[in-house]
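Chemist: If you scroll down you'll find the structure; I have some questions about it.
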Amino acid sequence: LRSSMLQLILVLCALNAALGAIRNVMRPLRSVWRVKPRVSTLVVLGSGGHTSEMMAMMSQLSQDKYAPRSYVVARTDSMSERKVRAHEDAARGVVGDGDASAPPPYVVLRVGRAREVGQSWLSSAWTTALAFVDAMWIVFSVKPDVIMCNGPGTCVPVVFAGLVMRAFGRKAPALVFVESACRTRRLSLTGKIFYHLRVVDTMCVMWESLIEKYPRCTFVGRVM
C-alpha cells in the first residue's frame with residue numbers, strides 16, 4: 001500500500017510539473033512581457049542578406065532601450081560579426097579603432113550551425129543537437145527579455161532554448177521572428193516551423209500578400 005501511494009504521489013508530482021511547463025510555454029506574450037526602461041536583447045543573425053536585414057531593423061530601434069545587446073552568429077560566419085561591429089561603431093559614432101576606454105554595449109556570441117548548405121539531413125541531426133547545446137548555454141547565460149531572429153535555421157535552436165527557459169519558469173523571453181523580405185508569397189522553412197508549431201510570440205512579415213495566407217502574422221512593412 002505504501003509503495004502504491006508513493007508511486008501515485010510521484011506520478012502526480014510529474015504531472016503537475018509537466019502541466020506547469022506547458023502553461024509557462026503557452027503563456028501569451030502579453031502575460032510575460034513587462035514594460036522596462038531597458039530591454040536585454042538577444043539578436044540571432046543568419047548570414048549574408050539575412051544579417052543585412054536584421055541590422056537594418058536594429059538601426060530603427062532605440063539603442064538605449066534595447067540594451068544590452070547580445071548578437072549570436074554562427075562559428076563559420078565571420079562576415080556577420082564584422083557587420084555587427086560596423087553597425088555598433090556607427091551607432092556610437094566611433095571612428096577607426098574607437099575609444100578603448102569605453103567598453104562596447106554589446107557582445108558577439110557564437111553558436112554552431114544547425115545545418116550547413118548542402119549538408120545531408122542525416123548528419124544535420126547531430127549538428128543540430130550540438131547547436132542546441134550551444135544555444136541553451138547562451139540563452140541561460142544572457143537571460144534575455146526578448147529574442148529577435150530572422151533567416152535560416154541558425155535561429156531554430158536558440159528559439160527552442162528560449163522555450164525551455166520559459167518552460168522552467170525562470171524567465172519568459174519574448175520570441176520574435178521576422179521573415180525575410182525575399183519571401184513574398186510563402187514563408188521560409190524556418191518560418192513555417194515557427195508558424196505551424198506556434199512557438200514564437202510574434203511573427204513579422206514584410207509583404208501584405210503573406211497576411212492573406214498566414215493570418216497570424218504581423219505586417220511590418222519593408223525595412224530595406
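Within each chain, counting starts at residue 1; across the C-alpha cells, chains are named A, B, ... in the order shown, with ligands numbered 1 upward in that order.
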If you count only C-alpha atoms, which residues fall within 12 Å of Trp137 (chain A), apart from same-chain ones fewer than 4 positions away, as an NGL selection string?

Modeler: :A and (72 or 109-112 or 130-133 or 141-143 or 157-158 or 161-162 or 164-165)

Chemist: From a DSSP pass on the backbone, collect the residues of region 28-70 of chain A flagged as strand (DSSP E or B) and hand them back as a VMD selection string.

Modeler: chain A and resid 41 to 44 69 to 70

Chemist: Take the residues from that selection and put them in a file with C-alpha atoms, as a PDB file, in the first residue's frame.

Modeler:
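Written file, selection-v5.pdb:
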ATOM      1  CA  THR A  41      18.014  41.849 -26.342  1.00  0.00           C
ATOM      2  CA  LEU A  42      19.382  38.689 -27.938  1.00  0.00           C
ATOM      3  CA  VAL A  43      19.673  39.048 -31.719  1.00  0.00           C
ATOM      4  CA  VAL A  44      20.218  35.922 -33.820  1.00  0.00           C
ATOM      5  CA  ARG A  69      22.544  43.675 -26.868  1.00  0.00           C
ATOM      6  CA  SER A  70      23.906  40.189 -27.477  1.00  0.00           C
TER       7      SER A  70
END

Chemist: List the neighbours of Arg113 (chain A) out to 7 Å using only C-alpha atoms; skip same-chain residues closer than 3 positions along the sequence, and give me the result as a PyMOL selection string.

Modeler: chain A and resi 74+116+127+131+154

Chemist: Would you save the residues from that selection as a PDB file, in the first residue's frame, using all heavy atoms?

Modeler:
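As a result, out.pdb now contains:
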ATOM      1  N   ALA A  74      26.864  32.348 -36.318  1.00  0.00           N
ATOM      2  CA  ALA A  74      27.411  31.005 -36.499  1.00  0.00           C
ATOM      3  C   ALA A  74      28.937  31.056 -36.450  1.00  0.00           C
ATOM      4  O   ALA A  74      29.554  32.065 -36.816  1.00  0.00           O
ATOM      5  CB  ALA A  74      26.940  30.415 -37.822  1.00  0.00           C
ATOM      6  N   GLU A 116      24.493  23.149 -42.385  1.00  0.00           N
ATOM      7  CA  GLU A 116      25.181  23.905 -43.414  1.00  0.00           C
ATOM      8  C   GLU A 116      24.479  23.684 -44.762  1.00  0.00           C
ATOM      9  O   GLU A 116      23.748  22.704 -44.947  1.00  0.00           O
ATOM     10  CB  GLU A 116      26.641  23.444 -43.532  1.00  0.00           C
ATOM     11  CG  GLU A 116      27.484  23.713 -42.291  1.00  0.00           C
ATOM     12  CD  GLU A 116      27.909  25.163 -42.174  1.00  0.00           C
ATOM     13  OE1 GLU A 116      27.575  25.948 -43.088  1.00  0.00           O
ATOM     14  OE2 GLU A 116      28.573  25.507 -41.182  1.00  0.00           O
ATOM     15  N   THR A 127      24.566  17.827 -35.843  1.00  0.00           N
ATOM     16  CA  THR A 127      24.971  19.224 -35.739  1.00  0.00           C
ATOM     17  C   THR A 127      23.867  20.079 -35.093  1.00  0.00           C
ATOM     18  O   THR A 127      24.161  21.040 -34.381  1.00  0.00           O
ATOM     19  CB  THR A 127      25.330  19.787 -37.127  1.00  0.00           C
ATOM     20  OG1 THR A 127      24.225  19.576 -38.029  1.00  0.00           O
ATOM     21  CG2 THR A 127      26.565  19.111 -37.680  1.00  0.00           C
ATOM     22  N   ALA A 131      24.258  22.341 -31.818  1.00  0.00           N
ATOM     23  CA  ALA A 131      23.852  23.747 -31.851  1.00  0.00           C
ATOM     24  C   ALA A 131      22.872  24.053 -30.724  1.00  0.00           C
ATOM     25  O   ALA A 131      22.910  25.139 -30.136  1.00  0.00           O
ATOM     26  CB  ALA A 131      23.213  24.073 -33.201  1.00  0.00           C
ATOM     27  N   THR A 154      19.776  28.820 -38.284  1.00  0.00           N
ATOM     28  CA  THR A 154      20.631  29.177 -37.152  1.00  0.00           C
ATOM     29  C   THR A 154      19.804  29.554 -35.927  1.00  0.00           C
ATOM     30  O   THR A 154      20.186  29.285 -34.788  1.00  0.00           O
ATOM     31  CB  THR A 154      21.553  30.359 -37.529  1.00  0.00           C
ATOM     32  OG1 THR A 154      22.316  30.012 -38.691  1.00  0.00           O
ATOM     33  CG2 THR A 154      22.496  30.689 -36.398  1.00  0.00           C
TER      34      THR A 154
END

Chemist: Need to verify the contact set: region 197-210 of chain A, 7 Å, only C-alpha atoms, exclusion of same-chain residues closer than 5 positions in sequence. Can you return it as a PyMOL selection string?

Modeler: chain A and resi 28-29+174-179+181+184-186+217-222

Chemist: Neighbouring residues of Thr190 (chain A) were defined as those with any atom within 8 Å, considering only C-alpha atoms; residues of the same chain fewer than 4 positions away were excluded. Please report them as an MDAnalysis selection string.

Modeler: chainID A and resid 151:153 156 194

Chemist: For the selection just defined, write its residues with N, CA, C and O atoms to a file, as a CSV table (one decimal), in the first residue's frame.

Modeler:
chain,number,residue,atom,x,y,z
A,151,GLY,N,15.6,34.7,-40.9
A,151,GLY,CA,16.5,33.9,-41.7
A,151,GLY,C,16.5,32.4,-41.5
A,151,GLY,O,15.5,31.8,-41.1
A,152,PRO,N,17.7,31.8,-41.7
A,152,PRO,CA,17.8,30.4,-41.8
A,152,PRO,C,17.8,29.7,-40.5
A,152,PRO,O,17.5,30.3,-39.4
A,153,GLY,N,18.1,28.4,-40.5
A,153,GLY,CA,18.0,27.5,-39.3
A,153,GLY,C,18.9,27.8,-38.2
A,153,GLY,O,18.8,27.2,-37.1
A,156,VAL,N,16.8,28.5,-35.1
A,156,VAL,CA,15.9,27.4,-34.5
A,156,VAL,C,16.3,26.9,-33.2
A,156,VAL,O,15.5,26.9,-32.2
A,194,PHE,N,8.1,27.7,-37.3
A,194,PHE,CA,7.6,28.5,-36.1
A,194,PHE,C,6.1,28.8,-36.2
A,194,PHE,O,5.4,28.9,-35.2
